[in-house]
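Enquirer: Input upload11.txt, format and content: compact mmCIF, C-alpha atoms and all ligand atoms.
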```txt
# COMPACT_ATOMS: atom_id res chain seq x y z
CA MET A 1 97.79 92.18 101.61
CA HIS A 2 97.29 91.86 97.88
CA VAL A 3 99.31 93.98 95.44
CA ASP A 4 98.45 95.04 91.88
CA ILE A 5 101.44 96.59 90.07
CA GLY A 6 99.77 96.69 86.62
CA ASN A 7 99.60 100.48 86.49
CA ALA A 8 103.34 100.72 87.16
CA LEU A 9 104.25 98.82 84.00
CA ALA A 10 105.99 100.68 81.18
CA SER A 11 103.06 99.79 78.91
CA VAL A 12 100.91 102.08 81.09
CA ALA A 13 103.12 104.64 82.77
CA SER A 14 106.18 106.82 82.37
CA PRO A 15 108.22 106.36 84.39
CA GLY A 16 107.24 102.71 84.31
CA VAL A 17 108.96 99.38 84.55
CA SER A 18 108.69 96.77 81.82
CA ARG A 19 107.72 93.20 82.55
CA ALA A 20 111.11 92.17 81.16
CA ALA A 21 112.89 94.56 83.52
CA LEU A 22 110.95 93.12 86.46
CA GLU A 23 111.98 89.63 85.38
CA ARG A 24 115.63 90.75 85.27
CA LEU A 25 115.21 92.40 88.67
CA ASP A 26 113.72 89.16 90.00
CA THR A 27 117.16 87.55 90.08
CA GLN A 28 118.25 90.30 92.47
CA VAL A 29 115.07 89.71 94.48
CA ALA A 30 115.98 86.02 94.78
CA ASP A 31 119.46 86.92 96.06
CA ALA A 32 117.99 89.52 98.43
CA HIS A 33 115.51 86.97 99.76
CA GLU A 34 118.34 84.56 100.53
CA ARG A 35 120.09 87.35 102.45
CA ILE A 36 116.88 88.18 104.29
CA GLU A 37 116.28 84.56 105.19
CA ARG A 38 119.85 84.26 106.50
CA GLY A 39 119.35 87.39 108.57
CA MET A 40 116.12 86.02 110.00
CA ASP A 41 117.62 82.60 110.73
CA ASP A 42 120.61 84.19 112.48
CA HIS A 43 118.42 86.75 114.32
CA GLU A 44 120.55 89.53 112.89
CA HIS A 45 119.86 93.16 113.84
CA GLY A 46 116.98 94.47 111.75
CA TYR A 47 116.13 91.20 109.99
CA GLU A 48 114.93 90.01 113.40
CA ALA A 49 111.87 92.23 112.90
CA LEU A 50 110.59 89.70 110.37
CA ASN A 51 110.60 87.05 113.09
CA LEU A 52 108.19 88.95 115.34
CA PRO A 53 105.06 86.96 114.41
CA GLN A 54 106.69 83.91 116.01
CA ARG A 55 108.59 85.81 118.72
CA THR A 56 106.01 88.18 120.23
CA ASP A 57 104.18 86.62 123.22
CA PRO A 58 100.61 87.96 123.62
CA ASP A 59 100.31 86.36 127.07
CA GLU A 60 103.35 88.28 128.30
CA ILE A 61 101.75 91.52 127.06
CA ARG A 62 98.39 90.69 128.63
CA THR A 63 100.02 89.92 132.00
CA ALA A 64 101.94 93.20 132.04
CA VAL A 65 98.89 95.20 130.96
CA GLU A 66 96.53 93.61 133.48
CA PRO A 67 96.94 96.32 136.20
CA VAL A 68 95.85 99.06 133.74
CA ALA A 69 93.56 97.03 131.47
CA ASP A 70 90.44 98.79 132.81
CA ALA A 71 91.52 102.27 131.69
CA ASP A 72 88.99 104.42 129.81
CA THR A 73 91.87 106.37 128.30
CA LEU A 74 95.41 105.32 127.47
CA ILE A 75 98.12 107.94 127.05
CA THR A 76 101.04 106.54 125.08
CA VAL A 77 104.17 108.62 125.61
CA GLY A 78 106.67 107.83 122.87
CA ILE A 79 107.85 109.11 119.50
CA GLY A 80 108.74 107.72 116.07
CA GLY A 81 108.69 103.95 116.00
CA SER A 82 107.78 103.94 119.69
CA ALA A 83 104.43 105.55 118.97
CA LEU A 84 103.45 105.23 115.30
CA GLY A 85 103.04 101.45 115.18
CA ALA A 86 100.73 101.47 118.19
CA ALA A 87 98.84 104.46 116.82
CA THR A 88 98.42 102.75 113.45
CA ILE A 89 96.75 99.78 115.12
CA THR A 90 94.54 101.58 117.65
CA ASN A 91 93.52 104.38 115.26
CA ALA A 92 92.60 101.83 112.58
CA LEU A 93 90.42 99.92 115.05
CA ALA A 94 89.22 102.84 117.20
CA ASP A 95 85.54 102.21 116.42
CA GLN A 96 85.94 98.71 117.89
CA SER A 97 87.23 99.94 121.27
CA ASP A 98 85.73 101.65 124.33
CA THR A 99 89.15 102.99 125.29
CA GLU A 100 90.42 106.31 123.93
CA ALA A 101 94.03 106.05 122.78
CA VAL A 102 95.93 109.34 123.07
CA TYR A 103 99.47 109.67 121.71
CA LEU A 104 101.85 112.28 123.08
CA ASP A 105 104.53 112.12 120.36
CA ASN A 106 105.30 115.81 120.15
CA VAL A 107 106.38 118.48 122.65
CA ASP A 108 104.05 121.22 121.45
CA PRO A 109 103.19 122.70 124.86
CA GLU A 110 99.70 123.98 123.96
CA TRP A 111 98.78 120.65 122.39
CA VAL A 112 100.14 118.56 125.30
CA SER A 113 98.29 120.74 127.81
CA SER A 114 95.05 120.57 125.82
CA GLN A 115 95.31 116.78 125.71
CA LEU A 116 95.94 116.45 129.46
CA ASP A 117 93.41 119.07 130.55
CA ARG A 118 90.50 117.15 129.08
CA LEU A 119 91.31 113.72 130.57
CA ASP A 120 89.89 112.07 133.70
CA LEU A 121 93.21 110.92 135.12
CA GLU A 122 91.54 108.57 137.63
CA ASN A 123 90.59 106.38 134.67
CA THR A 124 93.65 107.00 132.54
CA ALA A 125 96.69 104.77 132.09
CA ILE A 126 100.18 105.79 130.95
CA ASN A 127 102.08 103.68 128.40
CA VAL A 128 105.68 104.93 128.22
CA VAL A 129 107.62 103.50 125.30
CA SER A 130 111.24 104.11 124.41
CA ARG A 131 113.88 101.64 123.26
CA SER A 132 116.77 103.85 124.40
CA GLY A 133 114.95 105.30 127.40
CA THR A 134 116.79 108.56 126.70
CA THR A 135 114.67 110.21 123.99
CA ALA A 136 114.26 113.81 125.14
CA GLU A 137 110.72 114.27 123.89
CA THR A 138 109.47 111.06 125.50
CA LEU A 139 111.14 111.71 128.86
CA ALA A 140 110.03 115.36 128.89
CA ASN A 141 106.43 114.40 128.17
CA PHE A 142 106.53 111.60 130.74
CA LEU A 143 107.74 114.04 133.41
CA VAL A 144 104.89 116.40 132.47
CA VAL A 145 102.30 113.61 132.56
CA ARG A 146 103.62 112.27 135.86
CA ASP A 147 103.47 115.76 137.38
CA GLU A 148 99.90 116.12 136.12
CA PHE A 149 98.92 112.85 137.84
CA GLU A 150 100.63 113.90 141.08
CA SER A 151 98.91 117.31 140.99
CA ALA A 152 95.59 115.51 140.56
CA GLY A 153 96.36 113.23 143.50
CA VAL A 154 96.37 110.13 141.27
CA ASP A 155 99.08 107.56 141.99
CA TRP A 156 100.84 107.35 138.61
CA THR A 157 102.80 104.27 139.71
CA GLU A 158 99.54 102.30 139.72
CA ARG A 159 98.59 103.55 136.25
CA THR A 160 101.86 103.24 134.34
CA ILE A 161 103.36 100.52 132.14
CA VAL A 162 106.82 100.83 130.63
CA THR A 163 108.25 99.29 127.46
CA THR A 164 111.95 99.94 127.09
CA GLY A 165 115.39 98.38 126.62
CA ASP A 166 117.45 96.41 129.13
CA ALA A 167 119.07 99.52 130.56
CA GLY A 168 118.65 103.30 130.66
CA PRO A 169 116.66 105.87 132.64
CA LEU A 170 113.26 104.33 131.87
CA ARG A 171 114.38 100.86 132.88
CA ASP A 172 115.77 102.36 136.11
CA LEU A 173 112.48 104.21 136.75
CA SER A 174 110.51 101.03 136.14
CA ASP A 175 112.72 99.05 138.52
CA ARG A 176 112.70 101.80 141.16
CA HIS A 177 108.91 101.95 141.26
CA ASP A 178 108.33 98.27 140.46
CA LEU A 179 106.22 99.21 137.45
CA PRO A 180 104.82 96.58 135.07
CA SER A 181 107.29 96.56 132.21
CA LEU A 182 108.05 94.88 128.92
CA LYS A 183 111.21 94.74 126.89
CA VAL A 184 111.71 96.24 123.47
CA PRO A 185 112.84 93.20 121.48
CA ASP A 186 116.58 93.09 120.74
CA GLY A 187 117.51 93.50 117.10
CA VAL A 188 114.28 95.25 116.10
CA PRO A 189 114.57 98.94 115.16
CA GLY A 190 111.69 101.09 116.43
CA ARG A 191 110.09 101.62 113.03
CA PHE A 192 109.91 97.83 112.59
CA SER A 193 108.53 97.10 116.08
CA ALA A 194 104.77 97.53 115.67
CA LEU A 195 104.23 93.77 115.99
CA SER A 196 106.00 93.64 119.36
CA ALA A 197 105.11 94.99 122.81
CA VAL A 198 106.08 98.41 121.44
CA GLY A 199 102.98 98.45 119.24
CA MET A 200 100.80 95.93 121.00
CA VAL A 201 100.50 97.14 124.60
CA ALA A 202 98.19 99.91 123.41
CA ALA A 203 96.29 97.41 121.27
CA GLU A 204 95.77 95.18 124.32
CA VAL A 205 94.57 98.03 126.58
CA CYS A 206 92.15 98.99 123.80
CA GLY A 207 90.84 95.44 123.71
CA HIS A 208 92.08 94.36 120.30
CA ASP A 209 92.91 90.79 119.27
CA LEU A 210 96.67 90.35 119.58
CA GLU A 211 96.60 86.81 118.22
CA ALA A 212 94.80 87.96 115.08
CA LEU A 213 97.38 90.73 114.53
CA LEU A 214 100.17 88.16 114.73
CA GLU A 215 98.30 85.57 112.64
CA GLY A 216 97.86 88.12 109.85
CA ALA A 217 101.54 88.97 110.04
CA ALA A 218 102.49 85.28 110.08
CA ALA A 219 100.38 84.65 106.99
CA GLU A 220 102.22 87.48 105.21
CA ALA A 221 105.53 86.00 106.37
CA GLU A 222 104.52 82.73 104.69
CA THR A 223 104.41 84.51 101.31
CA LEU A 224 108.08 85.57 101.45
CA SER A 225 109.72 83.73 98.58
CA GLY A 226 112.51 84.08 96.05
CA SER A 227 110.34 85.81 93.47
CA LEU A 228 108.51 89.13 93.36
CA PHE A 229 105.85 87.46 91.22
CA GLU A 230 104.93 85.15 94.13
CA CYS A 231 105.25 87.54 97.08
CA PRO A 232 103.07 90.69 97.42
CA ALA A 233 105.53 92.38 99.78
CA TYR A 234 108.47 91.83 97.44
CA ALA A 235 106.37 92.84 94.43
CA TYR A 236 105.76 96.17 96.14
CA GLY A 237 109.33 96.62 97.36
CA ALA A 238 110.85 95.75 94.00
CA THR A 239 108.42 97.88 92.01
CA THR A 240 108.93 100.96 94.17
CA TYR A 241 112.72 100.49 93.87
CA ALA A 242 112.52 100.05 90.09
CA LEU A 243 110.33 103.13 89.69
CA ASP A 244 112.66 105.20 91.87
CA GLN A 245 115.54 104.08 89.67
CA ARG A 246 113.54 105.36 86.70
CA GLY A 247 112.72 108.76 88.19
CA ALA A 248 109.80 108.25 90.57
CA GLY A 249 111.63 109.55 93.61
CA ILE A 250 108.42 110.29 95.50
CA ASN A 251 105.93 107.72 96.79
CA ALA A 252 102.54 109.06 97.87
CA MET A 253 100.84 106.63 100.25
CA VAL A 254 97.09 107.16 99.84
CA PRO A 255 94.83 104.98 101.99
CA TYR A 256 91.13 105.32 101.09
CA ALA A 257 89.97 105.13 104.72
CA GLU A 258 90.20 107.59 107.61
CA SER A 259 91.03 104.59 109.79
CA LEU A 260 94.27 104.05 107.84
CA GLU A 261 95.49 107.65 107.84
CA THR A 262 97.97 106.93 110.63
CA ALA A 263 99.21 103.91 108.67
CA ALA A 264 100.45 106.38 106.04
CA GLU A 265 102.29 108.31 108.75
CA TRP A 266 103.85 105.09 110.05
CA PHE A 267 104.84 104.13 106.48
CA ALA A 268 106.52 107.51 106.01
CA GLN A 269 108.88 106.86 108.91
CA LEU A 270 109.50 103.26 107.84
CA TRP A 271 110.34 104.25 104.25
CA ALA A 272 112.25 107.47 104.87
CA GLU A 273 114.30 106.36 107.86
CA SER A 274 115.16 102.95 106.33
CA LEU A 275 116.00 103.95 102.76
CA GLY A 276 117.14 107.58 103.05
CA LYS A 277 120.91 106.96 103.05
CA ASP A 278 123.97 107.62 100.83
CA ASP A 279 121.96 110.25 98.91
CA LEU A 280 119.48 107.50 97.98
CA GLY A 281 115.88 106.77 98.97
CA GLN A 282 112.33 107.50 97.85
CA THR A 283 110.43 110.32 99.56
CA PRO A 284 107.18 109.13 101.19
CA VAL A 285 104.23 111.51 101.11
CA ARG A 286 101.35 111.02 103.55
CA ALA A 287 98.02 111.52 101.83
CA LEU A 288 94.39 110.40 102.23
CA GLY A 289 91.66 109.35 99.81
CA VAL A 290 89.20 110.73 98.78
CA THR A 291 90.21 114.03 100.43
CA ASP A 292 93.49 114.54 98.58
CA GLN A 293 91.77 114.17 95.22
CA HIS A 294 90.73 117.75 95.94
CA SER A 295 94.21 118.75 96.98
CA GLN A 296 97.24 116.86 95.65
CA LEU A 297 95.79 114.94 92.68
CA GLN A 298 96.40 117.87 90.30
CA LEU A 299 100.14 117.59 91.01
CA TYR A 300 100.14 113.79 90.85
CA ARG A 301 98.43 113.82 87.44
CA ALA A 302 99.91 116.89 85.76
CA GLY A 303 103.05 117.80 87.69
CA PRO A 304 106.58 116.44 87.28
CA ARG A 305 106.87 112.75 86.36
CA ASP A 306 108.68 112.04 89.63
CA LYS A 307 105.96 110.27 91.65
CA LEU A 308 104.48 106.87 92.33
CA VAL A 309 101.04 106.82 93.95
CA THR A 310 100.32 103.88 96.26
CA PHE A 311 96.60 103.39 96.73
CA VAL A 312 95.44 101.36 99.73
CA SER A 313 91.98 99.83 99.42
CA PRO A 314 90.40 99.05 102.81
CA GLY A 315 88.16 96.31 101.38
CA GLU A 316 84.83 95.59 103.08
CA THR A 317 83.60 98.46 105.23
CA ALA A 318 80.38 99.47 106.95
CA ASP A 319 78.29 101.61 104.63
CA ARG A 320 75.78 104.44 104.74
CA ALA A 321 73.03 105.33 102.26
CA ILE A 322 72.96 108.74 100.61
CA PRO A 323 69.42 110.11 101.06
CA GLU A 324 67.29 110.92 98.01
CA THR A 325 67.36 114.54 96.85
CA ASP A 326 65.14 116.67 94.64
CA VAL A 327 68.19 118.55 93.36
CA GLU A 328 68.17 117.28 89.75
CA ASP A 329 71.94 117.46 89.21
CA LEU A 330 72.54 115.47 92.38
CA ALA A 331 69.73 112.94 92.00
CA TYR A 332 72.23 110.27 90.85
CA LEU A 333 73.76 110.33 94.34
CA GLY A 334 70.50 109.41 96.01
CA ASP A 335 70.58 105.95 94.48
CA SER A 336 73.91 105.04 96.01
CA THR A 337 75.83 104.94 99.27
CA LEU A 338 78.89 106.70 100.65
CA GLY A 339 80.83 103.45 100.29
CA GLU A 340 79.88 103.15 96.63
CA LEU A 341 80.86 106.81 96.10
CA LEU A 342 84.25 106.25 97.78
CA GLU A 343 84.89 103.10 95.76
CA ALA A 344 83.93 104.82 92.49
CA GLU A 345 86.26 107.70 93.33
CA PHE A 346 89.08 105.26 94.13
CA ASP A 347 88.63 103.49 90.77
CA ALA A 348 88.22 106.77 88.89
CA THR A 349 91.33 108.33 90.44
CA GLU A 350 93.40 105.22 89.84
CA ALA A 351 92.24 105.21 86.20
CA SER A 352 92.83 108.95 85.81
CA LEU A 353 96.49 108.51 86.76
CA ALA A 354 96.87 105.54 84.42
CA ALA A 355 95.22 107.54 81.61
CA ALA A 356 97.82 110.25 82.19
CA GLY A 357 100.62 107.68 82.22
CA ARG A 358 101.37 108.27 85.91
CA PRO A 359 102.58 105.13 87.75
CA ASN A 360 100.42 103.84 90.57
CA VAL A 361 100.17 100.64 92.60
CA ARG A 362 97.22 99.22 94.50
CA LEU A 363 97.54 97.54 97.91
CA GLU A 364 94.35 95.72 98.89
CA LEU A 365 93.06 94.62 102.29
CA GLU A 366 90.06 92.29 102.66
CA ARG A 367 88.85 94.64 105.45
CA VAL A 368 90.33 96.74 108.25
CA ASP A 369 90.64 94.29 111.12
CA GLU A 370 93.50 92.95 113.26
CA TYR A 371 94.37 90.12 110.85
CA GLU A 372 94.55 92.38 107.80
CA LEU A 373 96.40 95.10 109.73
CA GLY A 374 98.98 92.57 110.85
CA GLY A 375 99.44 91.56 107.23
CA LEU A 376 99.75 95.17 106.06
CA LEU A 377 102.30 96.11 108.73
CA TYR A 378 104.37 92.99 108.10
CA GLY A 379 104.03 93.24 104.33
CA LEU A 380 105.25 96.84 104.19
CA GLU A 381 108.10 96.04 106.59
CA ALA A 382 109.17 93.14 104.38
CA ALA A 383 108.84 95.34 101.28
CA CYS A 384 111.09 97.89 102.97
CA VAL A 385 113.70 95.30 103.93
CA LEU A 386 113.76 94.03 100.35
CA ALA A 387 114.04 97.55 98.95
CA GLY A 388 116.92 98.18 101.35
CA GLU A 389 118.71 95.13 99.96
CA LEU A 390 118.17 96.35 96.39
CA TYR A 391 119.40 99.87 97.26
CA ALA A 392 122.31 98.24 99.15
CA VAL A 393 121.88 100.68 102.04
CA ASN A 394 122.01 100.02 105.79
CA THR A 395 118.25 99.70 106.21
CA PHE A 396 118.25 99.38 109.97
CA GLU A 397 120.30 102.34 111.22
CA GLN A 398 119.42 106.06 111.25
CA PRO A 399 122.62 108.01 111.95
CA ALA A 400 121.33 111.20 110.30
CA VAL A 401 118.83 111.83 113.09
CA GLU A 402 121.58 112.14 115.71
CA TRP A 403 122.96 115.55 114.65
CA ALA A 404 119.82 117.47 115.64
CA LYS A 405 119.57 115.56 118.91
CA LYS A 406 123.08 116.64 119.89
CA ALA A 407 122.37 120.22 118.86
CA THR A 408 119.20 120.17 120.96
CA ARG A 409 121.02 118.88 124.03
CA GLY A 410 123.72 121.51 123.56
CA LEU A 411 121.17 124.30 123.25
CA LEU A 412 119.50 123.15 126.48
CA GLY A 413 122.77 122.92 128.38
CA GLY A 414 122.85 119.13 128.27
CA GLY A 415 126.51 119.05 127.27
CA GLU A 416 129.09 120.57 124.94
CA PHE A 417 128.15 119.77 121.33
CA GLU A 418 129.67 121.44 118.27
CA GLU A 419 126.31 120.94 116.57
CA ALA A 420 124.78 123.48 118.97
CA GLU A 421 127.44 126.03 117.97
CA ALA A 422 126.51 125.53 114.32
CA VAL A 423 122.93 126.55 115.18
CA ALA A 424 124.20 129.92 116.37
CA GLU A 425 126.05 130.42 113.08
CA LYS A 426 122.84 130.28 110.98
CA THR A 427 122.93 132.29 107.75
CA SER A 428 119.96 134.67 107.78
CA LEU A 429 118.20 136.78 105.19
CA ARG A 430 115.02 137.93 106.93
CA VAL A 431 112.08 139.55 105.16
CA GLU A 432 109.78 141.00 107.83
CA ARG A 433 106.16 142.11 107.49
O1 LIG B 1 112.38 104.28 121.11
P1 LIG B 1 113.31 105.45 121.29
O2 LIG B 1 114.68 105.04 121.69
O3 LIG B 1 112.71 106.48 122.22
O4 LIG B 1 113.47 106.15 119.85
C1 LIG B 1 112.33 106.74 119.27
C2 LIG B 1 112.67 107.15 117.83
O5 LIG B 1 113.69 108.13 117.83
C3 LIG B 1 114.89 107.84 117.17
O6 LIG B 1 115.59 109.06 117.06
C4 LIG B 1 114.72 107.29 115.76
O7 LIG B 1 114.59 108.32 114.81
C5 LIG B 1 113.48 106.44 115.61
O8 LIG B 1 113.78 105.36 114.76
C6 LIG B 1 113.00 105.95 116.96
O9 LIG B 1 111.83 105.16 116.78
```
I'd like the structure from this file rewritten - as structure tokens, please.
Expert:
Amino acid sequence: MHVDIGNALASVASPGVSRAALERLDTQVADAHERIERGMDDHEHGYEALNLPQRTDPDEIRTAVEPVADADTLITVGIGGSALGAATITNALADQSDTEAVYLDNVDPEWVSSQLDRLDLENTAINVVSRSGTTAETLANFLVVRDEFESAGVDWTERTIVTTGDAGPLRDLSDRHDLPSLKVPDGVPGRFSALSAVGMVAAEVCGHDLEALLEGAAAEAETLSGSLFECPAYAYGATTYALDQRGAGINAMVPYAESLETAAEWFAQLWAESLGKDDLGQTPVRALGVTDQHSQLQLYRAGPRDKLVTFVSPGETADRAIPETDVEDLAYLGDSTLGELLEAEFDATEASLAAAGRPNVRLELERVDEYELGGLLYGLEAACVLAGELYAVNTFEQPAVEWAKKATRGLLGGGEFEEAEAVAEKTSLRVER
């Protein structure tokens, strides 16, 4: 990915970061890079994610997927990092696949039933993904899906692939039924695992080029260096950190392509769950261009000066002419295409924020393909790792998500948890219709 931080400079925006401040920050980037390199060399927890381009074995994935490779539909049952990386890849490339990728990453009963009711289970495969193998939502949905297959008289054991840790209920299930299975790589937190089997089994079933994904990621890995001025990922990570330190506590991720909408959702988990610690962290907002120009842009341009907008340009795309019209006021559209309109809106919106002194950064892809996606995923992961070093937080753990899990288990009779008791003590002030 390419990064342009020009509109985040203090000469353009407030809050903004001066070139001199970036140069001072660059010494911290150099130190952080040394720490990151050490972590990668020693295969330390978390830093190991940045070794995935060399570590992930596409042949191992292809072999495991082979029994279900013919599926017309793939249901991935997972949540958080065990679903969003895969969804980012297959949703971005959906128009290049004959396989429908469905993601059950919520336990909304009406939605789950509506998804299952419409599928031809004879030609559907199940991709169950969970590092721990104990995530309630994933196991609950898997039990529902399995029951649906059994009710339809379809042997789920011939249609299921499992990606999980060395031990736990899913590993036991896989062993008990001799299911094709892959291992979640040690040392790689879920939100950093898109470029492993966690994210790439779905890509393989959908017929995407695993080698190109990893080559794009490897090329991004090659750019990691001791200076933000030589490394796009570090330029982004350092700039977002510097802007947060200067008041831009919100980062709106705005891809200008429907195919990259899920990438914004994946980024939101990566950024929030990695950096949201010790009362620190920048709030990611999922948005979409051009659509949110008619929704959130007013706030970005004229609301509180607490936001950075990250534009993502998809690069080359297929295009479509806008037909001529006899409506005089709209005649100018008839000479152009939808792609030209989108690109003009991107440039105009970027400039409108700069004109209002609102910081924004541009991430650029050459096009939306496996190679560029691999680079984007890796680049944002590396940016996040660098930002975590600058914040001096524990980038790779997520203790705050455990409280609600315990409360949930307690509420469902899965054990005695004081968190569940706290739920019953809720302070209420109801205003009823
Ligand atoms: O892969 P699993 O163990 O099922 O975890 C799935 C997700 O849930 C956890 O609570 C964390 O919030 C996420 O970082 C993780 O990706």
Enquirer: If we count all atoms listed in the file, what is near Val423 (chain A) at a cut-off of 10 Å, once residues fewer than 4 positions away on the same chain are taken out, given as a PyMOL selection string?
Expert: chain A and resi 404+407-408+410-411+418-419+427
Enquirer: Could the residues that lie within 6 Å of ligand LIG 1 (chain B), counting all atoms listed in the file, be listed as a count of residues only?
Expert: 12
Enquirer: Report, in Å with one decimal, the straight-line distance from CA of Ala101 (chain A) to CA of Val77 (chain A).
Expert: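 Interatomic distance, CA of Ala101 (chain A) to CA of Val77 (chain A): 10.8 Å.
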Enquirer: If you measure from CA of Pro180 (chain A) to CA of Glu60 (chain A), what distance in Å do you get, rounded to one decimal?
Expert: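 Calculated distance between CA of Pro180 (chain A) and CA of Glu60 (chain A) is 10.8 Å.
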Enquirer: What separation in Å, quoted to one decimal, exists between CA of Leu330 (chain A) and CA of Asp347 (chain A)?
Expert: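 For CA of Leu330 (chain A) relative to CA of Asp347 (chain A), the distance reads 20.1 Å.
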Enquirer: A:Ser295, A:Gln115, A:Thr223, A:Ser181: which is nearest Ile161 (chain A), counting only C-alpha atoms?
Expert: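 Nearest to Ile161 (chain A): A:Ser181.
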Enquirer: So which one's closest to Ala30 (chain A), A:Cys231, A:Ala331, A:Leu210, A:Leu50? Using all atoms listed in the file, please.
Expert: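 Looking only at the distances to Ala30 (chain A), the closest residue turns out to be A:Cys231.
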Enquirer: Got a sec: who's within 12 Å of region 16-23 of chain A, counting all atoms listed in the file, leaving out chain neighbours fewer than 6 positions off, as a PyMOL selection string?
Expert: chain A and resi 5-10+29-30+227-229+234-248+305-308+354+357-361
Enquirer: Only C-alpha atoms, please: the residues just picked out, written as an mmCIF file, in the coordinates of the input.
Expert:
```
data_model
loop_
_atom_site.group_PDB
_atom_site.id
_atom_site.type_symbol
_atom_site.label_atom_id
_atom_site.label_comp_id
_atom_site.auth_asym_id
_atom_site.auth_seq_id
_atom_site.Cartn_x
_atom_site.Cartn_y
_atom_site.Cartn_z
ATOM 1 C CA ILE A 5 101.440 96.590 90.070
ATOM 2 C CA GLY A 6 99.770 96.690 86.620
ATOM 3 C CA ASN A 7 99.600 100.480 86.490
ATOM 4 C CA ALA A 8 103.340 100.720 87.160
ATOM 5 C CA LEU A 9 104.250 98.820 84.000
ATOM 6 C CA ALA A 10 105.990 100.680 81.180
ATOM 7 C CA VAL A 29 115.070 89.710 94.480
ATOM 8 C CA ALA A 30 115.980 86.020 94.780
ATOM 9 C CA SER A 227 110.340 85.810 93.470
ATOM 10 C CA LEU A 228 108.510 89.130 93.360
ATOM 11 C CA PHE A 229 105.850 87.460 91.220
ATOM 12 C CA TYR A 234 108.470 91.830 97.440
ATOM 13 C CA ALA A 235 106.370 92.840 94.430
ATOM 14 C CA TYR A 236 105.760 96.170 96.140
ATOM 15 C CA GLY A 237 109.330 96.620 97.360
ATOM 16 C CA ALA A 238 110.850 95.750 94.000
ATOM 17 C CA THR A 239 108.420 97.880 92.010
ATOM 18 C CA THR A 240 108.930 100.960 94.170
ATOM 19 C CA TYR A 241 112.720 100.490 93.870
ATOM 20 C CA ALA A 242 112.520 100.050 90.090
ATOM 21 C CA LEU A 243 110.330 103.130 89.690
ATOM 22 C CA ASP A 244 112.660 105.200 91.870
ATOM 23 C CA GLN A 245 115.540 104.080 89.670
ATOM 24 C CA ARG A 246 113.540 105.360 86.700
ATOM 25 C CA GLY A 247 112.720 108.760 88.190
ATOM 26 C CA ALA A 248 109.800 108.250 90.570
ATOM 27 C CA ARG A 305 106.870 112.750 86.360
ATOM 28 C CA ASP A 306 108.680 112.040 89.630
ATOM 29 C CA LYS A 307 105.960 110.270 91.650
ATOM 30 C CA LEU A 308 104.480 106.870 92.330
ATOM 31 C CA ALA A 354 96.870 105.540 84.420
ATOM 32 C CA GLY A 357 100.620 107.680 82.220
ATOM 33 C CA ARG A 358 101.370 108.270 85.910
ATOM 34 C CA PRO A 359 102.580 105.130 87.750
ATOM 35 C CA ASN A 360 100.420 103.840 90.570
ATOM 36 C CA VAL A 361 100.170 100.640 92.600
#
```
Enquirer: Give the answer as one residue: which of A:Leu373, A:Thr349, A:Val327, A:Thr262 has the shortest atom-to-atom distance to Gln296 (chain A), using all atoms listed in the file?
Expert: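 The answer is A:Thr349, which sits nearest to Gln296 (chain A).
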Enquirer: Would you please work out which residue, of A:Ala233, A:Ile126, A:Leu52, A:Ala302, is nearest to Leu376 (chain A) when using only C-alpha atoms?
Expert: A:Ala233
Enquirer: List as a ChimeraX atom specification: which residues have an atom within 10 Å of (93.7, 91.3, 118.2), counting all atoms listed in the file?
Expert: /A:58,89,93,200,203-204,206-216,369-371,373-374
